[in-house]
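Down below is the structure, laid out as structure tokens.
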Number of protein chains: 2
Amino acid sequence: MIIAVDAAGGDHYPHHPVEGALLALEENDSIQIILLGPEEMVREELEKHDYDKQRVHIQNAPEIIEMSESPSQAVKGKKKSSIVMGLSMHAAGKCDAFISTGNTGALLAASTFILGKLEGIIRPTIATYYPTVKGFRLLVDAGANLELKPEMFAQFGTMGSVYSREVMGIDEPKVALLNVGEEREKGTECLRKAFDELSKLSNFIGNVEGRDILPGKADVYVCDGLVGNLLLKFGESIPDALKVLVQSAVKKSNIDPEQAKQLLYILNSAVSEFNYENVGGIPFLGVAGVSMVGHGGSNPTAIKNMVLNAATCSEANVNDKIVASLN
Amino acid sequence: MIIAVDAAGGDHYPHHPVEGALLALEENDSIQIILLGPEEMVREELEKHDYDKQRVHIQNAPEIIEMSESPSQAVKGKKKSSIVMGLSMHAAGKCDAFISTGNTGALLAASTFILGKLEGIIRPTIATYYPTVKGFRLLVDAGANLELKPEMFAQFGTMGSVYSREVMGIDEPKVALLNVGEEREKGTECLRKAFDELSKLSNFIGNVEGRDILPGKADVYVCDGLVGNLLLKFGESIPDALKVLVQSAVKKSNIDPEQAKQLLYILNSAVSEFNYENVGGIPFLGVAGVSMVGHGGSNPTAIKNMVLNAATCSEANVNDKIVASLN
């Protein structure tokens, strides 16, 4: 199993991608790593670490796609970037997956263009793990497609079901449509048509509301990318907001500093569920390959988990199962 | 100041509306109440309480609009319902505001039809108080309008600004558009046009993301009703989900039961910010009157706060100021 890692993407390259990739080697013996980026930069970073040189390879990719760059221009213009080279290697069968914490738009565009779409897929999507009281569940789409055709909701539901079953270990995933009410006639015309399309899936449980996400009423929440992106980033902001509110409640109370410390410790462990580092990233669903994007600010642990997750996706043949489910 | 209260709406009528209305009388000497509902029912409920009979009047409204009823049919068919009669009295100048915790759709339809729209308003909207670390801020629209024309975003921003300044006491409210990124070109074509329309407001600060709400980056968050409704209900579900997560973290920890109790107490007071009962409800913005809807499950405290808030809205001439701001 060979995982290609973008060592020139995200907010902390090459340090975090290199360290994260090396950490993954320690947890899964069957993995080899290809690090892509300007050769000298990657080599210098690697020299700071002890690692098994048999299992780590460098692929020189001298061009760097910036986080703020226009996706389509970057992909067309920078053929020697880590993103374009890594995905091309994956398309050529030289690695089993590609992971990056770089420019999400460029990654999605390059993945769709270089790897191609799975048979029958209208548009690939970005799903995201979402914390619930039952553990992580899946939210699709998280921002790749802002305007959806009704059929796309159903495809996202199908892809999310396969992923959550094969990779997240959820036995009989339930798919739900995020809407303003539970009744079939709720929402816009597009959502009512999406409901009809989703009804063709045997595991569709109907519309759910905003209050149903955190209790984990469903396993795969389908929505457009505007809704998904707002909910994703809103969710990420909860732990910090909570700390502010709790600290202010502690100040108003009479508890002593030692108890306050313990309180914040418990709170931290309670909301650690919300920590994306535990999962790292998720592959684009609907592209003919395993191409995974992670948070730009990912730390080495998050990147380690991305590498391990990419290996799982490849091993589980998620894409073959998606194609089979669509037919 | 005469406030008409729907005593036949919500999940707990007549008990909660009647008790809530009487509580409001104790807090504001200048208020009188008209209770609308089946006369016998209201009278029997009133007899359970001690109150100033000079300040409480009953208006018989024998028909009841159920929570699940179709809004347009209910409004057309039930002329003797508390909603239709209360709003008609308000339109005729017999009271200064109408509040209800009944069928939101019926209330919005009846308010628009009976009171009419403010001059220049395309569509009235439902705003909602949203908890942030800076206290409550405003989210507009919360579910009344699922598909918006670009000009409507700007009208919602204007109405939200006036309301937050005049009623919420926010001196120089900042308006923001909820979007998938901060840059002007982000989002759908509709959102880009909405950005242009909102740019005509002097207090528009641009696009904000899901993570900017809880820290209170803006004071008025403008969005379509699908996004607003999902975020509203999601926010309401946070305290319960948090309790589950914290209780599970407490179990895994070694703290004694007394400490655990104190911890949950602090957590409760921290998230009490999220409690809608503190505000109760908010009037429809854009209708020519003060018509306020509250949560169906509102308790007496929530309804008391609705009555007090309706009095404030009427006194502050919010509608005149909205019309002046639009021109």
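Here, A, B, ... name the chains of the structure tokens in the order displayed, residue numbers run from 1 inside each chain, and ligands are numbered from 1 in the same displayed order.
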
Select all residues from chain A having any atom no more than 6 Å from an atom of chain B (counting only C-alpha atoms, ignoring ligands), output as a ChimeraX atom specification. /A:210-211,227,230,233-234,237,245-246,249,270

Test item: residues at most 9 Å from Tyr276 in chain B, only C-alpha atoms, excluding those fewer than 5 positions along its chain, as a list in words: Tyr129, Tyr130, Pro131, Glu236, Gly281, His295, Ser298 and Ala302 of chain B

How would the residues just chosen look if you wrote them out with N, CA, C and O atoms as a PDB file, in the first residue's frame?
ATOM      1  N   TYR B 129     -33.476  35.435  17.777  1.00  0.00           N
ATOM      2  CA  TYR B 129     -32.334  35.724  18.637  1.00  0.00           C
ATOM      3  C   TYR B 129     -31.389  34.536  18.542  1.00  0.00           C
ATOM      4  O   TYR B 129     -31.828  33.389  18.546  1.00  0.00           O
ATOM      5  N   TYR B 130     -30.091  34.819  18.448  1.00  0.00           N
ATOM      6  CA  TYR B 130     -29.131  33.717  18.398  1.00  0.00           C
ATOM      7  C   TYR B 130     -28.071  33.922  19.479  1.00  0.00           C
ATOM      8  O   TYR B 130     -27.497  35.005  19.593  1.00  0.00           O
ATOM      9  N   PRO B 131     -27.803  32.896  20.282  1.00  0.00           N
ATOM     10  CA  PRO B 131     -26.845  33.059  21.371  1.00  0.00           C
ATOM     11  C   PRO B 131     -25.414  33.132  20.842  1.00  0.00           C
ATOM     12  O   PRO B 131     -25.034  32.360  19.958  1.00  0.00           O
ATOM     13  N   GLU B 236     -30.361  25.217  19.242  1.00  0.00           N
ATOM     14  CA  GLU B 236     -31.224  24.829  20.368  1.00  0.00           C
ATOM     15  C   GLU B 236     -30.881  23.436  20.899  1.00  0.00           C
ATOM     16  O   GLU B 236     -31.189  23.118  22.037  1.00  0.00           O
ATOM     17  N   GLY B 281     -39.754  35.583  22.249  1.00  0.00           N
ATOM     18  CA  GLY B 281     -40.142  35.621  20.842  1.00  0.00           C
ATOM     19  C   GLY B 281     -39.754  36.939  20.233  1.00  0.00           C
ATOM     20  O   GLY B 281     -39.185  37.805  20.896  1.00  0.00           O
ATOM     21  N   HIS B 295     -42.005  30.124  20.477  1.00  0.00           N
ATOM     22  CA  HIS B 295     -41.870  28.677  20.470  1.00  0.00           C
ATOM     23  C   HIS B 295     -43.170  28.014  20.958  1.00  0.00           C
ATOM     24  O   HIS B 295     -43.737  28.440  21.958  1.00  0.00           O
ATOM     25  N   SER B 298     -43.289  27.147  24.611  1.00  0.00           N
ATOM     26  CA  SER B 298     -42.976  28.232  25.560  1.00  0.00           C
ATOM     27  C   SER B 298     -43.602  28.016  26.936  1.00  0.00           C
ATOM     28  O   SER B 298     -44.780  27.687  27.045  1.00  0.00           O
ATOM     29  N   ALA B 302     -41.279  32.430  29.325  1.00  0.00           N
ATOM     30  CA  ALA B 302     -41.047  32.809  27.932  1.00  0.00           C
ATOM     31  C   ALA B 302     -42.173  33.721  27.440  1.00  0.00           C
ATOM     32  O   ALA B 302     -41.928  34.731  26.769  1.00  0.00           O
TER      33      ALA B 302
END

Using DSSP on the backbone, list every residue of range 48-276 of chain A that comes out as strand (DSSP E or B), and give them as a VMD selection string. chain A and resid 56 to 60 63 81 97 to 100 117 125 127 to 132 135 to 140 175 to 178 204 to 208 220 to 222

Those same residues - N, CA and C atoms - I'd like them written as a JSON list (two decimals), in the first residue's frame.
[["chain", "number", "residue", "atom", "x", "y", "z"],
["A", 56, "VAL", "N", 10.09, 5.17, 2.72],
["A", 56, "VAL", "CA", 9.79, 6.59, 2.43],
["A", 56, "VAL", "C", 10.52, 7.02, 1.16],
["A", 57, "HIS", "N", 9.77, 7.57, 0.21],
["A", 57, "HIS", "CA", 10.35, 8.01, -1.06],
["A", 57, "HIS", "C", 10.02, 9.48, -1.27],
["A", 58, "ILE", "N", 10.92, 10.15, -1.99],
["A", 58, "ILE", "CA", 10.64, 11.57, -2.29],
["A", 58, "ILE", "C", 10.37, 11.70, -3.79],
["A", 59, "GLN", "N", 9.34, 12.42, -4.13],
["A", 59, "GLN", "CA", 9.11, 12.78, -5.53],
["A", 59, "GLN", "C", 9.21, 14.30, -5.64],
["A", 60, "ASN", "N", 10.21, 14.76, -6.38],
["A", 60, "ASN", "CA", 10.39, 16.20, -6.54],
["A", 60, "ASN", "C", 9.18, 16.82, -7.25],
["A", 63, "GLU", "N", 6.85, 23.02, -7.99],
["A", 63, "GLU", "CA", 5.89, 24.13, -7.97],
["A", 63, "GLU", "C", 4.95, 24.02, -6.77],
["A", 81, "SER", "N", 3.36, 20.82, -9.70],
["A", 81, "SER", "CA", 3.00, 20.98, -8.29],
["A", 81, "SER", "C", 2.78, 19.62, -7.67],
["A", 97, "ALA", "N", -3.23, 6.01, -3.10],
["A", 97, "ALA", "CA", -4.05, 7.14, -2.62],
["A", 97, "ALA", "C", -3.18, 8.38, -2.56],
["A", 98, "PHE", "N", -3.82, 9.55, -2.56],
["A", 98, "PHE", "CA", -3.10, 10.81, -2.45],
["A", 98, "PHE", "C", -3.78, 11.64, -1.37],
["A", 99, "ILE", "N", -2.98, 12.17, -0.44],
["A", 99, "ILE", "CA", -3.59, 13.03, 0.58],
["A", 99, "ILE", "C", -2.90, 14.39, 0.62],
["A", 100, "SER", "N", -3.69, 15.41, 0.96],
["A", 100, "SER", "CA", -3.17, 16.77, 0.98],
["A", 100, "SER", "C", -3.97, 17.62, 1.95],
["A", 117, "LYS", "N", -14.33, 10.98, -13.02],
["A", 117, "LYS", "CA", -15.45, 10.68, -12.14],
["A", 117, "LYS", "C", -15.77, 9.18, -12.20],
["A", 125, "THR", "N", -18.23, 14.88, -4.59],
["A", 125, "THR", "CA", -18.60, 15.67, -3.42],
["A", 125, "THR", "C", -17.54, 15.58, -2.33],
["A", 127, "ALA", "N", -17.47, 15.11, 1.59],
["A", 127, "ALA", "CA", -18.24, 14.80, 2.80],
["A", 127, "ALA", "C", -17.40, 15.24, 3.99],
["A", 128, "THR", "N", -18.01, 15.32, 5.15],
["A", 128, "THR", "CA", -17.23, 15.61, 6.34],
["A", 128, "THR", "C", -17.75, 14.80, 7.52],
["A", 129, "TYR", "N", -16.83, 14.40, 8.38],
["A", 129, "TYR", "CA", -17.23, 13.77, 9.63],
["A", 129, "TYR", "C", -17.90, 14.83, 10.49],
["A", 130, "TYR", "N", -19.01, 14.46, 11.14],
["A", 130, "TYR", "CA", -19.68, 15.42, 12.01],
["A", 130, "TYR", "C", -19.86, 14.80, 13.39],
["A", 131, "PRO", "N", -19.47, 15.52, 14.45],
["A", 131, "PRO", "CA", -19.58, 14.96, 15.81],
["A", 131, "PRO", "C", -21.03, 14.90, 16.27],
["A", 132, "THR", "N", -21.40, 13.79, 16.86],
["A", 132, "THR", "CA", -22.72, 13.64, 17.46],
["A", 132, "THR", "C", -22.53, 12.92, 18.80],
["A", 135, "GLY", "N", -21.00, 9.60, 18.41],
["A", 135, "GLY", "CA", -19.71, 9.54, 17.72],
["A", 135, "GLY", "C", -19.82, 10.24, 16.38],
["A", 136, "PHE", "N", -18.78, 10.12, 15.57],
["A", 136, "PHE", "CA", -18.82, 10.82, 14.29],
["A", 136, "PHE", "C", -19.83, 10.22, 13.33],
["A", 137, "ARG", "N", -20.56, 11.09, 12.66],
["A", 137, "ARG", "CA", -21.44, 10.70, 11.58],
["A", 137, "ARG", "C", -21.04, 11.51, 10.35],
["A", 138, "LEU", "N", -21.77, 11.36, 9.22],
["A", 138, "LEU", "CA", -21.32, 11.95, 7.96],
["A", 138, "LEU", "C", -22.27, 13.05, 7.48],
["A", 139, "LEU", "N", -21.69, 14.17, 7.02],
["A", 139, "LEU", "CA", -22.47, 15.26, 6.44],
["A", 139, "LEU", "C", -21.99, 15.42, 4.99],
["A", 140, "VAL", "N", -22.92, 15.33, 4.03],
["A", 140, "VAL", "CA", -22.56, 15.42, 2.61],
["A", 140, "VAL", "C", -23.55, 16.37, 1.94],
["A", 175, "VAL", "N", -29.86, 7.25, 6.07],
["A", 175, "VAL", "CA", -29.66, 8.50, 5.33],
["A", 175, "VAL", "C", -30.84, 9.43, 5.59],
["A", 176, "ALA", "N", -30.56, 10.73, 5.82],
["A", 176, "ALA", "CA", -31.64, 11.70, 6.02],
["A", 176, "ALA", "C", -31.35, 12.97, 5.23],
["A", 177, "LEU", "N", -32.43, 13.68, 4.88],
["A", 177, "LEU", "CA", -32.32, 14.95, 4.17],
["A", 177, "LEU", "C", -32.50, 16.08, 5.17],
["A", 178, "LEU", "N", -31.56, 17.00, 5.25],
["A", 178, "LEU", "CA", -31.70, 18.15, 6.15],
["A", 178, "LEU", "C", -32.73, 19.12, 5.56],
["A", 204, "PHE", "N", -33.22, 5.38, 3.37],
["A", 204, "PHE", "CA", -33.58, 6.78, 3.56],
["A", 204, "PHE", "C", -34.67, 6.88, 4.63],
["A", 205, "ILE", "N", -34.43, 7.68, 5.67],
["A", 205, "ILE", "CA", -35.42, 7.78, 6.75],
["A", 205, "ILE", "C", -36.26, 9.05, 6.66],
["A", 206, "GLY", "N", -36.04, 9.87, 5.62],
["A", 206, "GLY", "CA", -36.87, 11.06, 5.44],
["A", 206, "GLY", "C", -36.16, 12.36, 5.83],
["A", 207, "ASN", "N", -36.96, 13.42, 5.97],
["A", 207, "ASN", "CA", -36.41, 14.71, 6.38],
["A", 207, "ASN", "C", -36.05, 14.71, 7.85],
["A", 208, "VAL", "N", -34.97, 15.38, 8.19],
["A", 208, "VAL", "CA", -34.68, 15.66, 9.60],
["A", 208, "VAL", "C", -34.40, 17.15, 9.72],
["A", 220, "VAL", "N", -26.06, 9.54, 7.89],
["A", 220, "VAL", "CA", -25.59, 10.32, 6.73],
["A", 220, "VAL", "C", -26.60, 11.45, 6.51],
["A", 221, "TYR", "N", -26.15, 12.70, 6.73],
["A", 221, "TYR", "CA", -27.02, 13.86, 6.56],
["A", 221, "TYR", "C", -26.71, 14.49, 5.20],
["A", 222, "VAL", "N", -27.71, 14.53, 4.32],
["A", 222, "VAL", "CA", -27.50, 15.05, 2.98],
["A", 222, "VAL", "C", -28.02, 16.49, 2.90]]

Run DSSP on the backbone and give me the residues of range 175-301 of chain A it puts in helix (DSSP H, G or I), as a PyMOL selection string. chain A and resi 189-198+210-212+225-252+257-274+276-278+300-301

In terms of the shortest atom-to-atom distance over only C-alpha atoms, which of A:Leu308, A:Gly86, A:Gly77, A:Lys174 is closest to Glu27 in chain A?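 Ranked by minimum distance to Glu27 in chain A, first place goes to A:Leu308.
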
Name the closest residue to Val290 in chain A among the candidates A:Leu148, A:Ile121, A:Leu22, A:Ile114; distances are taken between atoms, counting only C-alpha atoms.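 The answer is A:Ile114, which sits nearest to Val290 in chain A.
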
Find the residues around range 38-54 of chain B up to 10 Å (only C-alpha atoms counted), leave out those fewer than 2 positions away in its own chain, and share them as a CSV table (one decimal) with C-alpha atoms, in the first residue's frame.
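This is the output file result08.csv:
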chain,number,residue,atom,x,y,z
B,7,ALA,CA,-54.7,32.0,25.0
B,8,ALA,CA,-55.5,29.2,22.5
B,13,TYR,CA,-52.7,26.5,26.3
B,14,PRO,CA,-54.5,28.0,28.1
B,15,HIS,CA,-52.3,27.4,31.1
B,16,HIS,CA,-49.0,28.9,29.9
B,17,PRO,CA,-50.3,31.9,27.9
B,18,VAL,CA,-52.6,33.0,30.7
B,19,GLU,CA,-50.0,32.6,33.4
B,22,LEU,CA,-50.3,37.7,34.2
B,23,LEU,CA,-46.6,37.6,35.1
B,25,LEU,CA,-48.5,42.6,34.3
B,26,GLU,CA,-46.5,42.4,37.5
B,32,GLN,CA,-53.1,45.8,29.9
B,33,ILE,CA,-53.9,42.4,28.5
B,35,LEU,CA,-56.7,37.2,26.3
B,36,LEU,CA,-58.2,35.6,23.2
B,56,VAL,CA,-57.2,41.9,32.0
B,57,HIS,CA,-59.9,41.5,29.4
B,58,ILE,CA,-61.3,38.4,27.7
B,59,GLN,CA,-62.2,38.4,24.0
B,60,ASN,CA,-64.1,35.3,23.1
B,61,ALA,CA,-62.5,33.5,20.1
B,62,PRO,CA,-64.2,30.1,19.9
B,63,GLU,CA,-62.4,28.6,17.0
B,64,ILE,CA,-59.0,27.0,17.5
B,80,LYS,CA,-63.3,33.4,14.9
B,81,SER,CA,-60.0,32.0,15.9
B,82,SER,CA,-57.8,33.8,18.4
